file my_file.cif (mmCIF, C-alpha atoms and all ligand atoms)
data_coords
loop_
_atom_site.label_atom_id
_atom_site.label_comp_id
_atom_site.auth_asym_id
_atom_site.auth_seq_id
_atom_site.Cartn_x
_atom_site.Cartn_y
_atom_site.Cartn_z
CA MET A 1 4.68 -0.81 -17.24
CA PRO A 2 6.74 -3.64 -18.69
CA GLU A 3 4.54 -6.36 -20.14
CA LEU A 4 5.44 -9.84 -21.36
CA PRO A 5 7.35 -8.83 -24.54
CA GLU A 6 9.36 -6.26 -22.62
CA VAL A 7 10.20 -8.74 -19.85
CA GLU A 8 11.14 -11.39 -22.41
CA SER A 9 13.39 -8.89 -24.23
CA ILE A 10 15.10 -8.12 -20.93
CA ARG A 11 15.42 -11.81 -20.06
CA ARG A 12 17.12 -12.62 -23.37
CA SER A 13 19.46 -9.69 -23.10
CA LEU A 14 20.45 -10.58 -19.51
CA GLU A 15 20.76 -14.28 -20.27
CA ALA A 16 23.40 -13.61 -22.91
CA HIS A 17 25.58 -11.86 -20.31
CA LEU A 18 24.80 -13.60 -17.03
CA VAL A 19 24.80 -17.35 -17.66
CA GLY A 20 28.00 -18.94 -16.36
CA ARG A 21 28.97 -15.90 -14.28
CA LYS A 22 29.53 -16.10 -10.55
CA VAL A 23 27.92 -13.56 -8.21
CA VAL A 24 30.76 -12.23 -6.07
CA ARG A 25 28.88 -9.75 -3.92
CA VAL A 26 25.36 -8.37 -3.49
CA ARG A 27 24.60 -4.95 -2.06
CA ILE A 28 21.03 -4.15 -1.03
CA GLU A 29 20.42 -0.41 -0.66
CA ARG A 30 16.71 -0.66 0.07
CA GLN A 31 15.40 -3.68 1.90
CA ASP A 32 11.74 -2.88 1.11
CA ILE A 33 12.32 -4.01 -2.51
CA VAL A 34 13.08 -7.53 -1.25
CA CYS A 35 10.12 -9.77 -0.33
CA ALA A 36 10.08 -12.44 2.35
CA PRO A 37 11.84 -15.46 0.91
CA SER A 38 9.94 -18.45 -0.36
CA GLY A 39 11.13 -21.61 1.41
CA GLY A 40 13.69 -20.29 3.88
CA SER A 41 14.26 -17.58 6.45
CA HIS A 42 17.68 -16.14 5.56
CA LEU A 43 18.18 -16.15 1.84
CA ASP A 44 20.49 -13.70 0.20
CA LEU A 45 20.09 -12.66 -3.40
CA LEU A 46 22.23 -15.36 -5.05
CA ALA A 47 25.52 -14.28 -3.45
CA SER A 48 28.33 -16.80 -4.20
CA SER A 49 26.17 -18.64 -6.76
CA HIS A 50 26.91 -19.39 -10.38
CA ILE A 51 24.10 -18.32 -12.69
CA LYS A 52 22.67 -21.22 -14.65
CA SER A 53 19.70 -19.80 -16.55
CA LEU A 54 17.06 -17.11 -16.71
CA ARG A 55 13.41 -18.03 -16.94
CA ARG A 56 10.17 -16.16 -17.40
CA HIS A 57 6.50 -16.85 -16.74
CA GLY A 58 4.04 -14.14 -17.73
CA LYS A 59 5.52 -10.84 -16.57
CA GLN A 60 7.78 -12.41 -13.94
CA MET A 61 11.41 -13.30 -14.56
CA ALA A 62 13.72 -15.47 -12.46
CA ILE A 63 17.46 -15.94 -12.26
CA ILE A 64 18.29 -19.59 -11.52
CA ALA A 65 21.57 -20.54 -9.86
CA ASP A 66 23.40 -23.85 -10.28
CA ASP A 67 22.80 -24.58 -6.56
CA ARG A 68 19.03 -24.50 -7.43
CA ARG A 69 18.39 -21.21 -5.65
CA ALA A 70 16.28 -18.75 -7.61
CA LEU A 71 15.50 -15.08 -7.54
CA VAL A 72 12.16 -13.83 -8.89
CA ILE A 73 12.21 -10.36 -10.40
CA GLN A 74 8.99 -8.40 -10.87
CA LEU A 75 9.67 -5.05 -12.49
CA GLY A 76 6.41 -3.40 -11.35
CA MET A 77 5.83 -0.02 -13.00
CA THR A 78 9.31 1.42 -13.36
CA GLY A 79 11.79 -1.36 -12.50
CA ARG A 80 14.84 -1.64 -14.77
CA MET A 81 17.85 -3.93 -14.91
CA HIS A 82 21.14 -2.35 -15.95
CA LEU A 83 24.27 -4.23 -16.94
CA MET A 84 27.35 -2.11 -16.42
CA PRO A 85 30.66 -3.41 -17.74
CA LYS A 86 33.69 -2.93 -15.49
CA GLY A 87 34.73 0.70 -15.35
CA ARG A 88 31.44 2.10 -16.64
CA HIS A 89 28.93 3.91 -14.47
CA LEU A 90 25.33 5.07 -14.68
CA ARG A 91 25.00 8.80 -15.20
CA GLY A 92 22.44 11.50 -14.43
CA SER A 93 18.95 10.37 -13.49
CA ASP A 94 19.92 6.75 -14.29
CA ALA A 95 22.27 6.81 -11.30
CA ARG A 96 19.38 7.45 -8.88
CA HIS A 97 17.03 4.88 -7.36
CA CYS A 98 19.52 2.01 -7.71
CA HIS A 99 18.33 -0.38 -4.98
CA VAL A 100 20.27 -3.63 -5.48
CA LYS A 101 23.69 -4.22 -7.05
CA TRP A 102 25.28 -7.54 -7.92
CA LEU A 103 29.00 -7.69 -8.65
CA LEU A 104 29.92 -10.52 -11.03
CA ASP A 105 33.23 -12.33 -11.37
CA ASP A 106 34.13 -10.55 -14.62
CA GLY A 107 33.71 -7.14 -12.98
CA THR A 108 30.29 -6.47 -14.54
CA ARG A 109 27.64 -5.07 -12.25
CA LEU A 110 23.96 -5.90 -12.53
CA ILE A 111 21.84 -3.11 -11.08
CA TYR A 112 18.17 -3.07 -10.14
CA GLN A 113 16.79 0.45 -10.44
CA ASP A 114 13.20 1.44 -9.66
CA SER A 115 12.08 5.04 -9.18
CA ARG A 116 8.54 4.28 -8.00
CA ARG A 117 9.45 1.07 -6.16
CA PHE A 118 6.46 -1.07 -7.15
CA GLY A 119 8.83 -3.80 -8.32
CA ARG A 120 9.86 -6.70 -6.08
CA LEU A 121 12.66 -9.24 -5.75
CA THR A 122 11.74 -12.55 -4.14
CA PRO A 123 14.43 -15.11 -3.21
CA CYS A 124 13.39 -18.76 -3.54
CA ALA A 125 15.21 -21.50 -1.60
CA SER A 126 14.95 -23.80 -4.62
CA VAL A 127 13.51 -24.06 -8.09
CA ASP A 128 10.68 -26.12 -6.54
CA HIS A 129 9.49 -23.02 -4.68
CA LEU A 130 9.64 -21.09 -7.92
CA GLU A 131 7.54 -23.74 -9.68
CA ASP A 132 5.03 -23.62 -6.81
CA ARG A 133 4.79 -19.88 -7.11
CA TRP A 134 4.34 -19.90 -10.86
CA SER A 135 1.78 -22.71 -10.72
CA GLN A 136 -0.59 -20.14 -9.14
CA LEU A 137 -0.51 -18.25 -12.45
CA GLY A 138 -2.27 -19.23 -15.66
CA PRO A 139 -0.40 -20.64 -18.66
CA ASP A 140 2.13 -18.32 -20.26
CA ALA A 141 0.55 -16.31 -23.07
CA LEU A 142 3.58 -16.67 -25.34
CA LEU A 143 4.63 -20.27 -24.67
CA ALA A 144 1.38 -22.16 -24.00
CA ARG A 145 -0.42 -23.96 -26.83
CA PRO A 146 -3.39 -22.02 -28.28
CA GLU A 147 -5.98 -24.57 -27.17
CA ARG A 148 -4.74 -24.30 -23.60
CA LEU A 149 -5.20 -20.52 -23.73
CA ARG A 150 -8.67 -20.89 -25.28
CA ASN A 151 -9.67 -23.21 -22.44
CA GLN A 152 -8.82 -20.43 -19.97
CA LEU A 153 -11.34 -18.15 -21.66
CA VAL A 154 -14.54 -19.99 -20.78
CA LYS A 155 -17.24 -19.70 -18.11
CA GLY A 156 -18.14 -16.45 -16.48
CA GLN A 157 -19.97 -13.18 -16.79
CA ARG A 158 -16.91 -10.98 -16.34
CA ALA A 159 -15.91 -8.65 -19.15
CA VAL A 160 -13.59 -10.42 -21.58
CA LYS A 161 -10.90 -7.77 -21.06
CA ALA A 162 -10.97 -8.27 -17.29
CA VAL A 163 -10.43 -12.00 -17.81
CA LEU A 164 -7.55 -11.36 -20.25
CA LEU A 165 -5.85 -9.21 -17.61
CA ASP A 166 -6.36 -11.80 -14.85
CA GLN A 167 -2.92 -13.39 -14.48
CA ARG A 168 -4.45 -16.50 -12.86
CA ARG A 169 -6.26 -17.19 -16.15
CA ILE A 170 -3.49 -16.34 -18.62
CA ALA A 171 -0.09 -15.05 -17.49
CA GLY A 172 1.46 -12.16 -19.33
CA VAL A 173 -1.33 -10.22 -21.04
CA GLY A 174 -1.35 -6.61 -19.86
CA ASN A 175 -3.35 -3.54 -20.74
CA ILE A 176 -1.72 -2.62 -24.06
CA TYR A 177 -1.81 -6.06 -25.61
CA ALA A 178 -5.31 -6.81 -24.29
CA ASP A 179 -6.71 -3.72 -26.06
CA GLU A 180 -4.80 -4.47 -29.25
CA ALA A 181 -5.81 -8.15 -29.33
CA LEU A 182 -9.49 -7.33 -28.71
CA PHE A 183 -9.38 -4.83 -31.57
CA GLY A 184 -7.74 -7.41 -33.85
CA ALA A 185 -10.39 -9.99 -32.90
CA ARG A 186 -13.19 -7.39 -33.38
CA LEU A 187 -14.50 -8.03 -29.87
CA ASN A 188 -15.84 -5.35 -27.53
CA PRO A 189 -13.75 -5.34 -24.30
CA MET A 190 -16.93 -5.33 -22.18
CA ARG A 191 -18.48 -8.45 -23.73
CA PRO A 192 -19.28 -11.00 -21.00
CA LEU A 193 -17.02 -14.01 -21.38
CA ASP A 194 -20.03 -16.36 -21.68
CA SER A 195 -21.20 -14.54 -24.81
CA LEU A 196 -18.05 -15.48 -26.78
CA SER A 197 -18.46 -18.20 -29.40
CA GLU A 198 -15.78 -20.77 -30.15
CA PRO A 199 -14.69 -18.80 -33.28
CA ASP A 200 -14.51 -15.63 -31.10
CA ARG A 201 -12.13 -17.39 -28.71
CA HIS A 202 -10.05 -18.69 -31.61
CA ARG A 203 -9.69 -15.19 -33.04
CA LEU A 204 -8.91 -13.66 -29.66
CA VAL A 205 -6.16 -16.13 -28.76
CA HIS A 206 -4.74 -15.83 -32.27
CA HIS A 207 -4.52 -12.04 -31.95
CA VAL A 208 -3.03 -12.18 -28.44
CA ARG A 209 -0.26 -14.46 -29.73
CA VAL A 210 0.34 -12.50 -32.93
CA ARG A 211 0.70 -9.23 -31.06
CA LEU A 212 2.95 -10.58 -28.33
CA ARG A 213 5.24 -12.19 -30.91
CA SER A 214 5.29 -9.07 -33.06
CA ALA A 215 6.09 -6.88 -30.04
CA LEU A 216 8.86 -9.25 -29.01
CA ARG A 217 10.46 -9.00 -32.47
CA HIS A 218 10.51 -5.22 -32.03
CA GLY A 219 11.94 -5.28 -28.50
CA GLY A 220 8.60 -4.44 -26.88
CA THR A 221 6.86 -1.13 -26.41
CA THR A 222 8.81 1.76 -24.96
CA PHE A 223 7.01 4.32 -22.90
CA SER A 224 8.91 6.34 -20.34
CA ASP A 225 10.79 3.61 -18.54
CA HIS A 226 11.27 0.41 -20.44
CA ARG A 227 14.77 -0.25 -21.75
CA THR A 228 16.62 -3.48 -22.31
CA PRO A 229 19.67 -3.82 -20.03
CA ASP A 230 21.97 -2.51 -22.78
CA GLY A 231 19.89 0.67 -22.95
CA SER A 232 18.09 0.05 -26.25
CA VAL A 233 14.42 0.96 -26.59
CA GLY A 234 11.51 -1.05 -27.96
CA SER A 235 9.91 0.07 -31.21
CA TRP A 236 6.55 -1.68 -31.14
CA GLY A 237 4.69 1.36 -29.75
CA SER A 238 4.19 2.82 -33.22
CA LYS A 239 2.29 -0.32 -34.25
CA ARG A 240 -0.49 0.22 -31.70
CA GLN A 241 -3.90 0.52 -33.34
CA VAL A 242 -6.06 1.47 -30.34
CA HIS A 243 -4.10 1.73 -27.10
CA GLY A 244 -3.30 5.38 -26.33
CA ARG A 245 -5.36 6.56 -29.35
CA ARG A 246 -8.63 7.68 -27.69
CA GLY A 247 -10.62 9.95 -30.05
CA ALA A 248 -8.29 9.22 -33.00
CA PRO A 249 -9.84 7.68 -36.13
CA CYS A 250 -10.13 3.89 -36.17
CA VAL A 251 -7.53 2.46 -38.59
CA ASN A 252 -10.26 0.24 -40.00
CA CYS A 253 -13.38 2.46 -40.31
CA ALA A 254 -12.19 6.00 -39.36
CA HIS A 255 -14.81 6.32 -36.59
CA PRO A 256 -13.31 8.09 -33.51
CA LEU A 257 -12.10 5.50 -30.97
CA SER A 258 -13.98 5.29 -27.65
CA SER A 259 -12.42 5.11 -24.20
CA GLY A 260 -13.62 3.93 -20.82
CA THR A 261 -12.55 1.98 -17.76
CA VAL A 262 -12.69 -1.82 -17.73
CA ALA A 263 -11.22 -3.79 -14.81
CA SER A 264 -9.91 -0.45 -13.42
CA ARG A 265 -7.77 0.07 -16.51
CA THR A 266 -8.08 2.66 -19.26
CA THR A 267 -9.47 0.88 -22.29
CA VAL A 268 -9.77 2.03 -25.89
CA TRP A 269 -11.90 0.41 -28.58
CA CYS A 270 -13.92 1.08 -31.74
CA ASP A 271 -17.69 1.09 -31.24
CA ARG A 272 -18.28 0.20 -34.86
CA CYS A 273 -15.70 -2.53 -35.40
CA GLN A 274 -15.84 -4.27 -32.02
CA ALA A 275 -19.19 -5.90 -31.32
ZN ZN B 1 -13.56 0.92 -36.48
#
call {"tool": "encode", "arguments": {"input": "my_file.cif", "output": "structure tokens"}}
result
Amino acid sequence: MPELPEVESIRRSLEAHLVGRKVVRVRIERQDIVCAPSGGSHLDLLASSHIKSLRRHGKQMAIIADDRRALVIQLGMTGRMHLMPKGRHLRGSDARHCHVKWLLDDGTRLIYQDSRRFGRLTPCASVDHLEDRWSQLGPDALLARPERLRNQLVKGQRAVKAVLLDQRRIAGVGNIYADEALFGARLNPMRPLDSLSEPDRHRLVHHVRVRLRSALRHGGTTFSDHRTPDGSVGSWGSKRQVHGRRGAPCVNCAHPLSSGTVASRTTVWCDRCQA
């Protein structure tokens, strides 16, 4: 599942190609990918607009047009954006599950592909509707100041990992980076939020930011589906210290890593290092 660093990698890659282009035509193959529009009843997906910018908040991305319309893109589990230069075509399994296609004025096609169809596209009548939508989310884990993130991690008996994953608290921390940050901060994922000291919160926010930035430098983590629109893969996966390493020796103390379910997500931690 694409998390914040993967979505930001995709945003940067798309931005370099899309800004200034005009959308000539949009073809929707599967309507169920498209959500009810925010702020209007008949909104197409940026047809006839010039693309002004691409923005991101947490794991959501939006294409903004110069007429102030916006299109929110949520990649879900397996959503991918392909950029195909004029004359080139997707091949093999990549050619399947292509649900929306945008033709641009230079002949490039932007293609939304999603095999499991958990992703969604939501048209917004204006940037104001986009801002409204994103104001329901917590501050962005990569862009917000550390003290703002720390302030989101107070009050409550919920497990600290569950709070990290709650997008209304902090937007953009997913399962991989939550496990890695908790390991870095030496905090047990099941610790009630109220039991964290101020230094605990400092360490945790520091490790969330460090890991997101490091993953972004490496193009994110590639599992089965994530690719940037030019087809390159992320290389951060090899840097994981706990996620996906259940039973393997802790990199710090060599004790076998434990695994369990926290907030309905598979969670891996070290019983010795994470108190
Ligand atoms: Zn350990």
call {"tool": "atom_distance", "arguments": {"input": "my_file.cif", "atom1": "CA of Gly156 (chain A)", "atom2": "CA of Gly76 (chain A)"}}
result
28.3 Å
call {"tool": "closest_residue", "arguments": {"input": "my_file.cif", "among": "A:Val127, A:Leu103, A:Asp200, A:Gly119", "to": "Arg150 (chain A)", "atoms": "all atoms listed in the file"}}
result
A:Asp200
call {"tool": "atom_distance", "arguments": {"input": "my_file.cif", "atom1": "CA of Pro139 (chain A)", "atom2": "CA of Gly260 (chain A)"}}
result
28.0 Å
call {"tool": "residues_near_ligand", "arguments": {"input": "my_file.cif", "ligand": "ligand ZN 1 (chain B)", "cutoff": "7 Å", "atoms": "all atoms listed in the file", "output": "JSON, numbers by chain"}}
result
{"A": [250, 251, 252, 253, 254, 255, 270, 271, 272, 273]}
call {"tool": "atom_distance", "arguments": {"input": "my_file.cif", "atom1": "CA of Gly58 (chain A)", "atom2": "CA of Val173 (chain A)"}}
result
7.4 Å
call {"tool": "closest_residue", "arguments": {"input": "my_file.cif", "among": "A:Val163, A:Leu110, A:Ala171, A:Met61", "to": "Arg11 (chain A)", "atoms": "only C-alpha atoms"}}
result
A:Met61
call {"tool": "closest_residue", "arguments": {"input": "my_file.cif", "among": "A:Ile63, A:Cys98, A:Leu83, A:Ala215", "to": "Gln31 (chain A)", "atoms": "all atoms listed in the file"}}
result
A:Cys98
call {"tool": "closest_residue", "arguments": {"input": "my_file.cif", "among": "A:Ser9, A:Gln274, A:Gln167, A:Ser48", "to": "Pro189 (chain A)", "atoms": "only C-alpha atoms"}}
result
A:Gln274
call {"tool": "closest_residue", "arguments": {"input": "my_file.cif", "among": "A:His50, A:Arg120, A:His207, A:Arg68", "to": "Arg80 (chain A)", "atoms": "all atoms listed in the file"}}
result
A:Arg120
call {"tool": "closest_residue", "arguments": {"input": "my_file.cif", "among": "A:Gln74, A:Thr261, A:Gln157, A:Thr266", "to": "Ile10 (chain A)", "atoms": "only C-alpha atoms"}}
result
A:Gln74
call {"tool": "residues_around", "arguments": {"input": "my_file.cif", "residues": "Lys86 (chain A)", "least_positions_apart": "6", "cutoff": "10 Å", "atoms": "only C-alpha atoms", "output": "list of chain:residue names"}}
result
A:Leu103, A:Leu104, A:Asp106, A:Gly107, A:Thr108, A:Arg109
call {"tool": "residues_around", "arguments": {"input": "my_file.cif", "residues": "region 20-23 of chain A", "least_positions_apart": "2", "cutoff": "12 Å", "atoms": "all atoms listed in the file", "output": "PyMOL selection string"}}
result
chain A and resi 14-18+25-27+44-54+63-67+101-110
call {"tool": "axis_aligned_box", "arguments": {"input": "my_file.cif", "around": "region 206-219 of chain A", "padding_each_side": "4 Å", "output": "lines of an AutoDock Vina configuration file"}}
result
center_x = 3.6
center_y = -10.5
center_z = -30.7
size_x = 24.7
size_y = 18.6
size_z = 12.7
call {"tool": "residues_around", "arguments": {"input": "my_file.cif", "residues": "region 158-161 of chain A", "least_positions_apart": "2", "cutoff": "7 Å", "atoms": "all atoms listed in the file", "output": "PyMOL selection string"}}
result
chain A and resi 156+163-165+178+189-193
call {"tool": "residues_around", "arguments": {"input": "my_file.cif", "residues": "Glu180 (chain A)", "least_positions_apart": "3", "cutoff": "7 Å", "atoms": "all atoms listed in the file", "output": "JSON, numbers by chain"}}
result
{"A": [176, 177, 183, 184, 240, 241, 242, 243]}
call {"tool": "write_last_selection", "arguments": {"input": "my_file.cif", "atoms": "C-alpha atoms", "output": "short mmCIF file (atom, residue, chain, number, x, y, z; two decimals), keeping the file's coordinate frame"}}
result
data_model
loop_
_atom_site.label_atom_id
_atom_site.label_comp_id
_atom_site.auth_asym_id
_atom_site.auth_seq_id
_atom_site.Cartn_x
_atom_site.Cartn_y
_atom_site.Cartn_z
CA ILE A 176 -1.72 -2.62 -24.06
CA TYR A 177 -1.81 -6.06 -25.61
CA PHE A 183 -9.38 -4.83 -31.57
CA GLY A 184 -7.74 -7.41 -33.85
CA ARG A 240 -0.49 0.22 -31.70
CA GLN A 241 -3.90 0.52 -33.34
CA VAL A 242 -6.06 1.47 -30.34
CA HIS A 243 -4.10 1.73 -27.10
#
